[in-house]
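Colleague: This one is work_12.cif, mmCIF, C-alpha atoms and all ligand atoms; chains and numbers go by the auth columns.
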```cif
data_data
#
loop_
_atom_site.group_PDB
_atom_site.id
_atom_site.type_symbol
_atom_site.label_atom_id
_atom_site.label_comp_id
_atom_site.label_asym_id
_atom_site.label_seq_id
_atom_site.Cartn_x
_atom_site.Cartn_y
_atom_site.Cartn_z
_atom_site.B_iso_or_equiv
_atom_site.auth_seq_id
_atom_site.auth_asym_id
ATOM 1 C CA MET A 1 0.000 0.000 0.000 0.00 108 A
ATOM 2 C CA ASP A 2 2.918 2.340 0.683 0.00 109 A
ATOM 3 C CA ASP A 3 3.568 2.782 -3.027 0.00 110 A
ATOM 4 C CA VAL A 4 -0.079 3.563 -3.896 0.00 111 A
ATOM 5 C CA VAL A 5 -1.518 7.032 -3.372 0.00 112 A
ATOM 6 C CA ILE A 6 -5.236 7.824 -3.488 0.00 113 A
ATOM 7 C CA GLY A 7 -6.287 11.182 -4.896 0.00 114 A
ATOM 8 C CA PRO A 8 -8.641 12.956 -7.297 0.00 115 A
ATOM 9 C CA LEU A 9 -8.787 11.466 -10.806 0.00 116 A
ATOM 10 C CA ASP A 10 -9.553 13.409 -13.983 0.00 117 A
ATOM 11 C CA LEU A 11 -12.010 10.895 -15.394 0.00 118 A
ATOM 12 C CA ALA A 12 -12.172 12.333 -18.913 0.00 119 A
ATOM 13 C CA ALA A 13 -8.383 12.580 -19.225 0.00 120 A
ATOM 14 C CA ARG A 14 -7.741 9.104 -17.759 0.00 121 A
ATOM 15 C CA VAL A 15 -10.698 7.260 -19.337 0.00 122 A
ATOM 16 C CA ASP A 16 -8.496 4.804 -21.231 0.00 123 A
ATOM 17 C CA ASP A 17 -6.399 3.972 -18.159 0.00 124 A
ATOM 18 C CA ALA A 18 -9.560 3.486 -16.113 0.00 125 A
ATOM 19 C CA LEU A 19 -11.122 1.199 -18.722 0.00 126 A
ATOM 20 C CA ALA A 20 -7.904 -0.823 -18.936 0.00 127 A
ATOM 21 C CA VAL A 21 -8.192 -1.461 -15.181 0.00 128 A
ATOM 22 C CA GLN A 22 -11.909 -2.267 -15.483 0.00 129 A
ATOM 23 C CA ALA A 23 -11.282 -4.629 -18.419 0.00 130 A
ATOM 24 C CA LEU A 24 -8.882 -6.703 -16.293 0.00 131 A
ATOM 25 C CA ALA A 25 -10.814 -6.479 -13.013 0.00 132 A
ATOM 26 C CA PHE A 26 -14.346 -6.944 -14.304 0.00 133 A
ATOM 27 C CA GLY A 27 -13.770 -8.480 -17.728 0.00 134 A
ATOM 28 C CA LEU A 28 -14.654 -6.315 -20.739 0.00 135 A
ATOM 29 C CA SER A 29 -14.359 -7.216 -24.427 0.00 136 A
ATOM 30 C CA ASP A 30 -12.893 -4.684 -26.857 0.00 137 A
ATOM 31 C CA ASP A 31 -16.419 -3.903 -28.069 0.00 138 A
ATOM 32 C CA GLU A 32 -17.612 -3.330 -24.504 0.00 139 A
ATOM 33 C CA ILE A 33 -14.643 -1.043 -23.838 0.00 140 A
ATOM 34 C CA GLY A 34 -15.714 1.088 -26.816 0.00 141 A
ATOM 35 C CA VAL A 35 -19.267 1.359 -25.484 0.00 142 A
ATOM 36 C CA ARG A 36 -18.113 2.055 -21.901 0.00 143 A
ATOM 37 C CA ARG A 37 -15.780 4.808 -23.192 0.00 144 A
ATOM 38 C CA HIS A 38 -18.754 6.821 -24.460 0.00 145 A
ATOM 39 C CA VAL A 39 -20.676 6.183 -21.253 0.00 146 A
ATOM 40 C CA VAL A 40 -17.790 7.239 -18.978 0.00 147 A
ATOM 41 C CA LEU A 41 -17.187 10.428 -20.984 0.00 148 A
ATOM 42 C CA ARG A 42 -20.896 11.250 -20.748 0.00 149 A
ATOM 43 C CA HIS A 43 -20.840 10.585 -17.002 0.00 150 A
ATOM 44 C CA ALA A 44 -17.734 12.786 -16.642 0.00 151 A
ATOM 45 C CA ALA A 45 -19.876 15.734 -17.780 0.00 152 A
ATOM 46 C CA ASN A 46 -22.681 15.072 -15.253 0.00 153 A
ATOM 47 C CA ALA A 47 -23.298 17.480 -12.395 0.00 154 A
ATOM 48 C CA GLY A 48 -21.378 16.606 -9.241 0.00 155 A
ATOM 49 C CA VAL A 49 -19.430 13.671 -10.684 0.00 156 A
ATOM 50 C CA ARG A 50 -16.352 12.856 -8.609 0.00 157 A
ATOM 51 C CA ALA A 51 -13.593 10.307 -9.169 0.00 158 A
ATOM 52 C CA LEU A 52 -10.665 9.018 -7.126 0.00 159 A
ATOM 53 C CA GLY A 53 -7.721 7.043 -8.422 0.00 160 A
ATOM 54 C CA ALA A 54 -5.160 4.831 -6.698 0.00 161 A
ATOM 55 C CA THR A 55 -1.855 5.595 -8.405 0.00 162 A
ATOM 56 C CA THR A 56 1.557 3.933 -8.058 0.00 163 A
ATOM 57 C CA ALA A 57 4.812 5.888 -7.687 0.00 164 A
ATOM 58 C CA GLU A 58 5.356 5.303 -11.438 0.00 165 A
ATOM 59 C CA GLY A 59 1.992 6.934 -12.230 0.00 166 A
ATOM 60 C CA ARG A 60 0.232 3.672 -13.086 0.00 167 A
ATOM 61 C CA LEU A 61 -3.482 3.485 -12.234 0.00 168 A
ATOM 62 C CA ALA A 62 -4.069 0.587 -9.795 0.00 169 A
ATOM 63 C CA GLY A 63 -7.750 1.275 -9.155 0.00 170 A
ATOM 64 C CA PHE A 64 -10.459 3.880 -9.393 0.00 171 A
ATOM 65 C CA VAL A 65 -13.906 4.782 -8.197 0.00 172 A
ATOM 66 C CA TYR A 66 -16.366 7.329 -9.488 0.00 173 A
ATOM 67 C CA GLY A 67 -19.863 8.389 -8.720 0.00 174 A
ATOM 68 C CA MET A 68 -22.325 11.246 -8.628 0.00 175 A
ATOM 69 C CA PRO A 69 -25.404 12.515 -6.798 0.00 176 A
ATOM 70 C CA ASN A 70 -28.369 10.490 -8.066 0.00 177 A
ATOM 71 C CA ASN A 71 -30.845 12.161 -10.361 0.00 178 A
ATOM 72 C CA ARG A 72 -34.069 10.325 -11.131 0.00 179 A
ATOM 73 C CA VAL A 73 -33.760 11.247 -14.809 0.00 180 A
ATOM 74 C CA TYR A 74 -30.497 9.311 -15.178 0.00 181 A
ATOM 75 C CA TRP A 75 -30.826 6.037 -17.095 0.00 182 A
ATOM 76 C CA TRP A 76 -29.543 3.905 -14.177 0.00 183 A
ATOM 77 C CA SER A 77 -32.085 5.464 -11.848 0.00 184 A
ATOM 78 C CA THR A 78 -34.987 4.908 -14.262 0.00 185 A
ATOM 79 C CA VAL A 79 -34.076 1.217 -14.567 0.00 186 A
ATOM 80 C CA VAL A 80 -33.833 0.517 -10.826 0.00 187 A
ATOM 81 C CA GLN A 81 -36.772 2.709 -9.730 0.00 188 A
ATOM 82 C CA PRO A 82 -39.592 0.157 -10.331 0.00 189 A
ATOM 83 C CA TYR A 83 -37.622 -2.522 -8.453 0.00 190 A
ATOM 84 C CA LEU A 84 -37.070 -0.214 -5.479 0.00 191 A
ATOM 85 C CA ARG A 85 -40.717 0.816 -5.481 0.00 192 A
ATOM 86 C CA GLU A 86 -41.639 -2.877 -5.339 0.00 193 A
ATOM 87 C CA THR A 87 -39.527 -3.399 -2.202 0.00 194 A
ATOM 88 C CA GLY A 88 -40.617 -0.127 -0.553 0.00 195 A
ATOM 89 C CA SER A 89 -37.121 1.380 -0.829 0.00 196 A
ATOM 90 C CA GLU A 90 -37.711 4.073 -3.458 0.00 197 A
ATOM 91 C CA ARG A 91 -36.685 6.831 -1.013 0.00 198 A
ATOM 92 C CA TRP A 92 -33.067 5.688 -1.543 0.00 199 A
ATOM 93 C CA LEU A 93 -33.114 7.359 -4.976 0.00 200 A
ATOM 94 C CA ASP A 94 -33.259 10.836 -3.407 0.00 201 A
ATOM 95 C CA ASP A 95 -30.327 12.561 -1.671 0.00 202 A
ATOM 96 C CA ALA A 96 -28.048 9.652 -2.477 0.00 203 A
ATOM 97 C CA PHE A 97 -24.514 9.460 -3.871 0.00 204 A
ATOM 98 C CA VAL A 98 -24.343 6.713 -6.497 0.00 205 A
ATOM 99 C CA ILE A 99 -21.183 4.647 -6.818 0.00 206 A
ATOM 100 C CA THR A 100 -21.088 4.158 -10.580 0.00 207 A
ATOM 101 C CA GLU A 101 -17.865 2.160 -10.923 0.00 208 A
ATOM 102 C CA LEU A 102 -15.291 0.688 -8.507 0.00 209 A
ATOM 103 C CA HIS A 103 -12.471 -1.440 -9.875 0.00 210 A
ATOM 104 C CA VAL A 104 -9.043 -2.469 -8.645 0.00 211 A
ATOM 105 C CA HIS A 105 -6.434 -4.003 -10.963 0.00 212 A
ATOM 106 C CA PRO A 106 -6.083 -7.723 -10.061 0.00 213 A
ATOM 107 C CA ALA A 107 -2.394 -7.268 -9.205 0.00 214 A
ATOM 108 C CA PHE A 108 -3.381 -4.723 -6.533 0.00 215 A
ATOM 109 C CA GLN A 109 -6.468 -6.391 -5.053 0.00 216 A
ATOM 110 C CA LYS A 110 -6.814 -7.522 -1.411 0.00 217 A
ATOM 111 C CA ARG A 111 -4.639 -4.732 -0.063 0.00 218 A
ATOM 112 C CA GLY A 112 -7.446 -2.499 1.131 0.00 219 A
ATOM 113 C CA ILE A 113 -7.420 -0.223 -1.932 0.00 220 A
ATOM 114 C CA GLY A 114 -11.053 -0.872 -2.892 0.00 221 A
ATOM 115 C CA ARG A 115 -12.199 -0.193 0.666 0.00 222 A
ATOM 116 C CA ARG A 116 -10.212 3.056 0.813 0.00 223 A
ATOM 117 C CA LEU A 117 -11.491 4.269 -2.573 0.00 224 A
ATOM 118 C CA ILE A 118 -15.178 3.807 -1.760 0.00 225 A
ATOM 119 C CA THR A 119 -14.822 5.021 1.835 0.00 226 A
ATOM 120 C CA GLU A 120 -12.929 8.171 0.858 0.00 227 A
ATOM 121 C CA ILE A 121 -15.263 9.131 -1.989 0.00 228 A
ATOM 122 C CA THR A 122 -18.377 8.699 0.166 0.00 229 A
ATOM 123 C CA ASP A 123 -16.756 10.488 3.137 0.00 230 A
ATOM 124 C CA THR A 124 -16.689 13.653 1.029 0.00 231 A
ATOM 125 C CA ALA A 125 -20.265 13.282 -0.251 0.00 232 A
ATOM 126 C CA VAL A 126 -22.796 15.800 1.067 0.00 233 A
ATOM 127 C CA GLU A 127 -25.617 13.254 0.635 0.00 234 A
ATOM 128 C CA PRO A 128 -26.613 11.207 3.724 0.00 235 A
ATOM 129 C CA LYS A 129 -26.655 7.898 1.868 0.00 236 A
ATOM 130 C CA SER A 130 -25.051 5.949 -0.958 0.00 237 A
ATOM 131 C CA ILE A 131 -26.481 3.475 -3.461 0.00 238 A
ATOM 132 C CA LEU A 132 -24.955 1.188 -6.074 0.00 239 A
ATOM 133 C CA SER A 133 -25.612 -1.906 -8.132 0.00 240 A
ATOM 134 C CA ALA A 134 -23.551 -5.089 -8.280 0.00 241 A
ATOM 135 C CA ILE A 135 -23.924 -8.409 -10.049 0.00 242 A
ATOM 136 C CA ASP A 136 -26.324 -10.483 -7.927 0.00 243 A
ATOM 137 C CA VAL A 137 -23.850 -13.191 -6.875 0.00 244 A
ATOM 138 C CA GLU A 138 -21.511 -13.789 -3.925 0.00 245 A
ATOM 139 C CA SER A 139 -18.336 -11.907 -4.877 0.00 246 A
ATOM 140 C CA PRO A 140 -15.489 -9.893 -3.340 0.00 247 A
ATOM 141 C CA ALA A 141 -17.417 -6.763 -4.308 0.00 248 A
ATOM 142 C CA ARG A 142 -20.571 -7.934 -2.501 0.00 249 A
ATOM 143 C CA ARG A 143 -18.554 -8.925 0.609 0.00 250 A
ATOM 144 C CA LEU A 144 -16.855 -5.543 0.678 0.00 251 A
ATOM 145 C CA TYR A 145 -20.169 -3.696 0.332 0.00 252 A
ATOM 146 C CA TRP A 146 -21.764 -5.727 3.148 0.00 253 A
ATOM 147 C CA GLN A 147 -18.767 -5.059 5.392 0.00 254 A
ATOM 148 C CA LEU A 148 -19.173 -1.333 4.713 0.00 255 A
ATOM 149 C CA GLY A 149 -22.843 -1.402 5.719 0.00 256 A
ATOM 150 C CA TYR A 150 -24.555 -1.605 2.336 0.00 257 A
ATOM 151 C CA GLN A 151 -27.776 -3.627 2.484 0.00 258 A
ATOM 152 C CA ASP A 152 -29.748 -5.249 -0.322 0.00 259 A
ATOM 153 C CA LEU A 153 -32.578 -2.987 -1.511 0.00 260 A
ATOM 154 C CA ALA A 154 -33.759 -4.980 -4.538 0.00 261 A
ATOM 155 C CA ARG A 155 -32.530 -8.198 -6.121 0.00 262 A
ATOM 156 C CA ARG A 156 -32.787 -9.794 -9.574 0.00 263 A
ATOM 157 C CA VAL A 157 -32.685 -6.362 -11.225 0.00 264 A
ATOM 158 C CA ILE A 158 -32.410 -6.642 -14.995 0.00 265 A
ATOM 159 C CA PHE A 159 -30.462 -3.994 -16.922 0.00 266 A
ATOM 160 C CA PRO A 160 -31.176 -4.112 -20.670 0.00 267 A
ATOM 161 C CA SER A 161 -28.187 -5.749 -22.414 0.00 268 A
ATOM 162 C CA ALA A 162 -26.583 -6.966 -19.151 0.00 269 A
ATOM 163 C CA PRO A 163 -26.008 -10.740 -19.202 0.00 270 A
ATOM 164 C CA ALA A 164 -26.751 -11.303 -15.485 0.00 271 A
ATOM 165 C CA PRO A 165 -29.169 -9.904 -12.884 0.00 272 A
ATOM 166 C CA TYR A 166 -27.985 -7.187 -10.511 0.00 273 A
ATOM 167 C CA VAL A 167 -28.714 -6.290 -6.914 0.00 274 A
ATOM 168 C CA VAL A 168 -29.209 -2.676 -5.815 0.00 275 A
ATOM 169 C CA MET A 169 -27.614 -1.876 -2.448 0.00 276 A
ATOM 170 C CA GLY A 170 -27.750 1.147 -0.168 0.00 277 A
ATOM 171 C CA ALA A 171 -25.868 2.386 2.908 0.00 278 A
ATOM 172 C CA GLU A 172 -26.209 5.284 5.292 0.00 279 A
ATOM 173 C CA LEU A 173 -23.137 7.548 5.273 0.00 280 A
ATOM 174 C CA PRO A 174 -20.513 7.579 6.586 0.00 281 A
ATOM 175 C CA LEU A 175 -19.761 3.970 5.675 0.00 282 A
ATOM 176 C CA ARG A 176 -19.076 1.506 8.497 0.00 283 A
ATOM 177 C CA ARG A 177 -15.447 1.214 9.583 0.00 284 A
ATOM 178 C CA ALA A 178 -13.784 -2.208 9.977 0.00 285 A
HETATM 179 C C1 LIG B . -14.423 -5.357 -5.550 0.00 301 B
HETATM 180 C C2 LIG B . -12.999 -4.823 -5.643 0.00 301 B
HETATM 181 C C3 LIG B . -13.041 -3.409 -6.173 0.00 301 B
HETATM 182 C C4 LIG B . -12.389 -4.816 -4.246 0.00 301 B
HETATM 183 O O1 LIG B . -11.091 -4.215 -4.339 0.00 301 B
HETATM 184 P P1 LIG B . -9.906 -4.620 -3.339 0.00 301 B
HETATM 185 O O2 LIG B . -8.894 -3.556 -3.398 0.00 301 B
HETATM 186 O O3 LIG B . -9.453 -5.998 -3.607 0.00 301 B
HETATM 187 O O4 LIG B . -10.702 -4.568 -1.961 0.00 301 B
HETATM 188 P P2 LIG B . -10.081 -4.606 -0.485 0.00 301 B
HETATM 189 O O5 LIG B . -8.662 -5.063 -0.525 0.00 301 B
HETATM 190 O O6 LIG B . -10.367 -3.287 0.137 0.00 301 B
HETATM 191 O O7 LIG B . -11.003 -5.692 0.180 0.00 301 B
HETATM 192 C C5 LIG B . -11.228 -6.944 -0.496 0.00 301 B
HETATM 193 C C6 LIG B . -10.819 -8.090 0.371 0.00 301 B
HETATM 194 O O8 LIG B . -9.434 -8.016 0.643 0.00 301 B
HETATM 195 C C7 LIG B . -9.239 -8.175 2.041 0.00 301 B
HETATM 196 N N1 LIG B . -8.027 -7.447 2.394 0.00 301 B
HETATM 197 C C8 LIG B . -7.860 -6.126 2.529 0.00 301 B
HETATM 198 N N2 LIG B . -6.601 -5.840 2.856 0.00 301 B
HETATM 199 C C9 LIG B . -5.957 -7.036 2.923 0.00 301 B
HETATM 200 C C10 LIG B . -4.622 -7.417 3.204 0.00 301 B
HETATM 201 N N3 LIG B . -3.686 -6.501 3.510 0.00 301 B
HETATM 202 N N4 LIG B . -4.292 -8.718 3.128 0.00 301 B
HETATM 203 C C11 LIG B . -5.223 -9.651 2.835 0.00 301 B
HETATM 204 N N5 LIG B . -6.512 -9.345 2.559 0.00 301 B
HETATM 205 C C12 LIG B . -6.866 -8.059 2.608 0.00 301 B
HETATM 206 C C13 LIG B . -10.487 -7.580 2.628 0.00 301 B
HETATM 207 O O9 LIG B . -10.734 -8.017 3.968 0.00 301 B
HETATM 208 C C14 LIG B . -11.500 -8.142 1.703 0.00 301 B
HETATM 209 O O10 LIG B . -11.693 -9.521 2.045 0.00 301 B
HETATM 210 P P3 LIG B . -12.990 -10.332 1.669 0.00 301 B
HETATM 211 O O11 LIG B . -12.970 -10.516 0.196 0.00 301 B
HETATM 212 O O12 LIG B . -12.856 -11.599 2.409 0.00 301 B
HETATM 213 O O13 LIG B . -14.155 -9.490 2.100 0.00 301 B
HETATM 214 C C15 LIG B . -12.126 -5.733 -6.531 0.00 301 B
HETATM 215 O O14 LIG B . -12.236 -7.067 -6.063 0.00 301 B
HETATM 216 C C16 LIG B . -12.497 -5.678 -7.983 0.00 301 B
HETATM 217 O O15 LIG B . -12.053 -4.781 -8.701 0.00 301 B
HETATM 218 N N6 LIG B . -13.287 -6.668 -8.428 0.00 301 B
HETATM 219 C C17 LIG B . -13.656 -6.796 -9.825 0.00 301 B
HETATM 220 C C18 LIG B . -14.513 -5.672 -10.307 0.00 301 B
HETATM 221 C C19 LIG B . -15.777 -5.516 -9.522 0.00 301 B
HETATM 222 O O16 LIG B . -16.442 -6.495 -9.213 0.00 301 B
HETATM 223 N N7 LIG B . -16.095 -4.249 -9.203 0.00 301 B
HETATM 224 C C20 LIG B . -17.293 -3.941 -8.520 0.00 301 B
HETATM 225 C C21 LIG B . -18.408 -3.839 -9.496 0.00 301 B
HETATM 226 S S1 LIG B . -19.950 -3.712 -8.629 0.00 301 B
#
```
Let me see the file written as structure tokens.
Modeller:
Amino acid sequence: MDDVVIGPLDLAARVDDALAVQALAFGLSDDEIGVRRHVVLRHAANAGVRALGATTAEGRLAGFVYGMPNNRVYWWSTVVQPYLRETGSERWLDDAFVITELHVHPAFQKRGIGRRLITEITDTAVEPKSILSAIDVESPARRLYWQLGYQDLARRVIFPSAPAPYVVMGAELPLRRA
């Protein structure tokens, strides 16, 4: 960890580095990288978007997180809204900071970088809560989110074009410490 520094990330300028990390961590085909590139650049222009990067002494990106205050007109919000209404958790869509992406390069995982990225970005959010979506399986991401206090708000959420169902999770801020 000593060689990795966490600080603000210029998402638009570092989009290719970020997607290279995501491709290895999450698994993205070249076609998917092209699609994600447009999406990330669009997100980078959204109101209140913030990003943090974990950078090595050589300037290599080891991980990143970004998110933004939720807005019910955003595509992600419109997809999850009916599922949250169904479970009585629709209030989570208001005054919430959405974690849009969190990825750590496999060579740098299990060193506490993911935990630091998501904790630090939510610590500086003005919203009282945070929401996110994750693939609806047991995974390191799900374990980390549970440890931080995120709870399941709606499961089996289908995003058009996504191959697997997602779960929407929410946590009161600040996130729980270990
Ligand atoms: C989810 C993800 C971002 C977590 O990043 P990370 O840097 O590995 O996370 P952390 O190191 O903070 O914590 C992960 C695990 O490492 C453990 N850990 C932390 N520091 C450790 C250390 N020094 N030694 C050993 N284990 C450690 C944590 O306890 C945690 O254990 P757990 O899996 O049993 O819960 C990363 O696994 C990832 O990029 N996954 C693929 C992409 C993905 O799924 N992103 C989320 C999309 S929703």
Colleague: Evaluate the PyMOL selection byres (((chain A and resi 220) around 10) and not hetatm) on the structure here and hand back the selected residues as a PyMOL selection string.
Modeller: chain A and resi 108+111-113+160-161+169-171+210-212+215-219+221-226
Colleague: I want to know what sits within 8 Å of region 124-127 of chain A, based on only C-alpha atoms, with residues of the same chain fewer than 6 positions away left out; could you give that as a PyMOL selection string?
Modeller: chain A and resi 118+140+143-144+168+170-171
Colleague: Would you write out, as an mmCIF file with C-alpha atoms, in the coordinates of the input, every residue that the PyMOL selection byres (((chain A and resi 158) around 6) and not hetatm) captures in this file?
Modeller:
```
data_model
loop_
_atom_site.group_PDB
_atom_site.id
_atom_site.type_symbol
_atom_site.label_atom_id
_atom_site.label_comp_id
_atom_site.auth_asym_id
_atom_site.auth_seq_id
_atom_site.Cartn_x
_atom_site.Cartn_y
_atom_site.Cartn_z
ATOM 1 C CA PRO A 115 -8.641 12.956 -7.297
ATOM 2 C CA LEU A 116 -8.787 11.466 -10.806
ATOM 3 C CA ARG A 157 -16.352 12.856 -8.609
ATOM 4 C CA LEU A 159 -10.665 9.018 -7.126
ATOM 5 C CA VAL A 172 -13.906 4.782 -8.197
ATOM 6 C CA TYR A 173 -16.366 7.329 -9.488
#
```
Colleague: Assuming 8 Å of padding per side, give the centre and edge lengths of the axis-aligned box around every listed atom of region 247-254 of chain A, in Å to one decimal and as AutoDock Vina command-line options.
Modeller:
```
--center_x -18.6 --center_y -6.8 --center_z 0.5 --size_x 22.3 --size_y 22.2 --size_z 25.7
```
Colleague: Rounded to one decimal place, report the CA of Glu234 (chain A)-CA of Pro281 (chain A) distance in Å.
Modeller: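 Distance between the two atoms: 9.7 Å.
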Colleague: For the provided coordinates, the residues matched by the PyMOL selection byres (((chain A and resi 119) around 8) and not hetatm) should be stated as a PyMOL selection string.
Modeller: chain A and resi 117-118+120-122+147-148+151
Colleague: Which residue gives the smallest distance to ligand LIG 301 (chain B) among A:Pro247, A:Pro272, A:Gly141, A:Gly277, with only C-alpha atoms and all ligand atoms counted?
Modeller: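 Looking at the shortest contact to ligand LIG 301 (chain B), the residue is A:Pro247.
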Colleague: With all atoms listed in the file counted, which protein, DNA or RNA residues have an atom no more than 10 Å from (-19.3, -0.1, 2.0) in the file frame? Please answer as number ranges by chain.
Modeller: A: 221-223, 225-226, 229, 237-239, 248-258, 276-285
Colleague: Choose the residue, out of A:Tyr190, A:Trp199, A:Phe204, A:Tyr273, that has the smallest atom-to-atom separation from ligand LIG 301 (chain B); count all atoms listed in the file.
Modeller: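 Checking each of A:Tyr190, A:Trp199, A:Phe204, A:Tyr273 against ligand LIG 301 (chain B), counting all atoms listed in the file, the winner is A:Tyr273.
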Colleague: Which residue is closest to ligand LIG 301 (chain B)? Choose from A:Val264, A:Leu191, A:Val156, A:Ile206 and count only C-alpha atoms and all ligand atoms.
Modeller: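 Checking each candidate against ligand LIG 301 (chain B), we get A:Ile206 as the closest.
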Colleague: Take region 114-138 of chain A from the block and save it with N, CA and C atoms, as a short mmCIF file (atom, residue, chain, number, x, y, z; two decimals), in the first residue's frame.
Modeller:
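Output (decode_23.cif):
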```cif
data_model
loop_
_atom_site.label_atom_id
_atom_site.label_comp_id
_atom_site.auth_asym_id
_atom_site.auth_seq_id
_atom_site.Cartn_x
_atom_site.Cartn_y
_atom_site.Cartn_z
N GLY A 114 -6.02 9.76 -4.71
CA GLY A 114 -6.29 11.18 -4.90
C GLY A 114 -7.27 11.40 -6.02
N PRO A 115 -7.67 12.65 -6.25
CA PRO A 115 -8.64 12.96 -7.30
C PRO A 115 -8.15 12.47 -8.67
N LEU A 116 -9.10 11.99 -9.47
CA LEU A 116 -8.79 11.47 -10.81
C LEU A 116 -9.57 12.26 -11.83
N ASP A 117 -8.88 12.74 -12.87
CA ASP A 117 -9.55 13.41 -13.98
C ASP A 117 -10.10 12.32 -14.90
N LEU A 118 -11.39 12.04 -14.73
CA LEU A 118 -12.01 10.90 -15.39
C LEU A 118 -11.92 11.00 -16.92
N ALA A 119 -12.19 12.18 -17.46
CA ALA A 119 -12.17 12.33 -18.91
C ALA A 119 -10.75 12.14 -19.46
N ALA A 120 -9.77 12.68 -18.74
CA ALA A 120 -8.38 12.58 -19.23
C ALA A 120 -7.83 11.17 -19.07
N ARG A 121 -8.30 10.43 -18.04
CA ARG A 121 -7.74 9.10 -17.76
C ARG A 121 -8.70 7.98 -18.13
N VAL A 122 -9.67 8.27 -19.02
CA VAL A 122 -10.70 7.26 -19.34
C VAL A 122 -10.09 5.96 -19.85
N ASP A 123 -9.06 6.04 -20.67
CA ASP A 123 -8.50 4.80 -21.23
C ASP A 123 -7.76 3.99 -20.16
N ASP A 124 -7.07 4.68 -19.26
CA ASP A 124 -6.40 3.97 -18.16
C ASP A 124 -7.44 3.31 -17.26
N ALA A 125 -8.52 4.04 -16.98
CA ALA A 125 -9.56 3.49 -16.11
C ALA A 125 -10.20 2.25 -16.76
N LEU A 126 -10.49 2.34 -18.05
CA LEU A 126 -11.12 1.20 -18.72
C LEU A 126 -10.17 0.02 -18.84
N ALA A 127 -8.87 0.28 -18.91
CA ALA A 127 -7.90 -0.82 -18.94
C ALA A 127 -7.95 -1.57 -17.60
N VAL A 128 -8.06 -0.83 -16.50
CA VAL A 128 -8.19 -1.46 -15.18
C VAL A 128 -9.50 -2.24 -15.11
N GLN A 129 -10.60 -1.61 -15.55
CA GLN A 129 -11.91 -2.27 -15.48
C GLN A 129 -11.93 -3.53 -16.34
N ALA A 130 -11.29 -3.46 -17.52
CA ALA A 130 -11.28 -4.63 -18.42
C ALA A 130 -10.64 -5.82 -17.74
N LEU A 131 -9.57 -5.60 -16.97
CA LEU A 131 -8.88 -6.70 -16.29
C LEU A 131 -9.64 -7.14 -15.04
N ALA A 132 -10.17 -6.17 -14.29
CA ALA A 132 -10.81 -6.48 -13.01
C ALA A 132 -12.18 -7.13 -13.23
N PHE A 133 -12.94 -6.59 -14.15
CA PHE A 133 -14.35 -6.94 -14.30
C PHE A 133 -14.56 -7.84 -15.52
N GLY A 134 -13.63 -7.72 -16.51
CA GLY A 134 -13.77 -8.48 -17.73
C GLY A 134 -14.61 -7.72 -18.74
N LEU A 135 -13.94 -7.04 -19.68
CA LEU A 135 -14.65 -6.31 -20.74
C LEU A 135 -14.03 -6.70 -22.08
N SER A 136 -14.88 -6.97 -23.08
CA SER A 136 -14.36 -7.22 -24.43
C SER A 136 -13.98 -5.87 -25.05
N ASP A 137 -13.27 -5.93 -26.18
CA ASP A 137 -12.89 -4.68 -26.86
C ASP A 137 -14.14 -3.89 -27.25
N ASP A 138 -15.18 -4.59 -27.71
CA ASP A 138 -16.42 -3.90 -28.07
C ASP A 138 -17.03 -3.20 -26.85
#
```
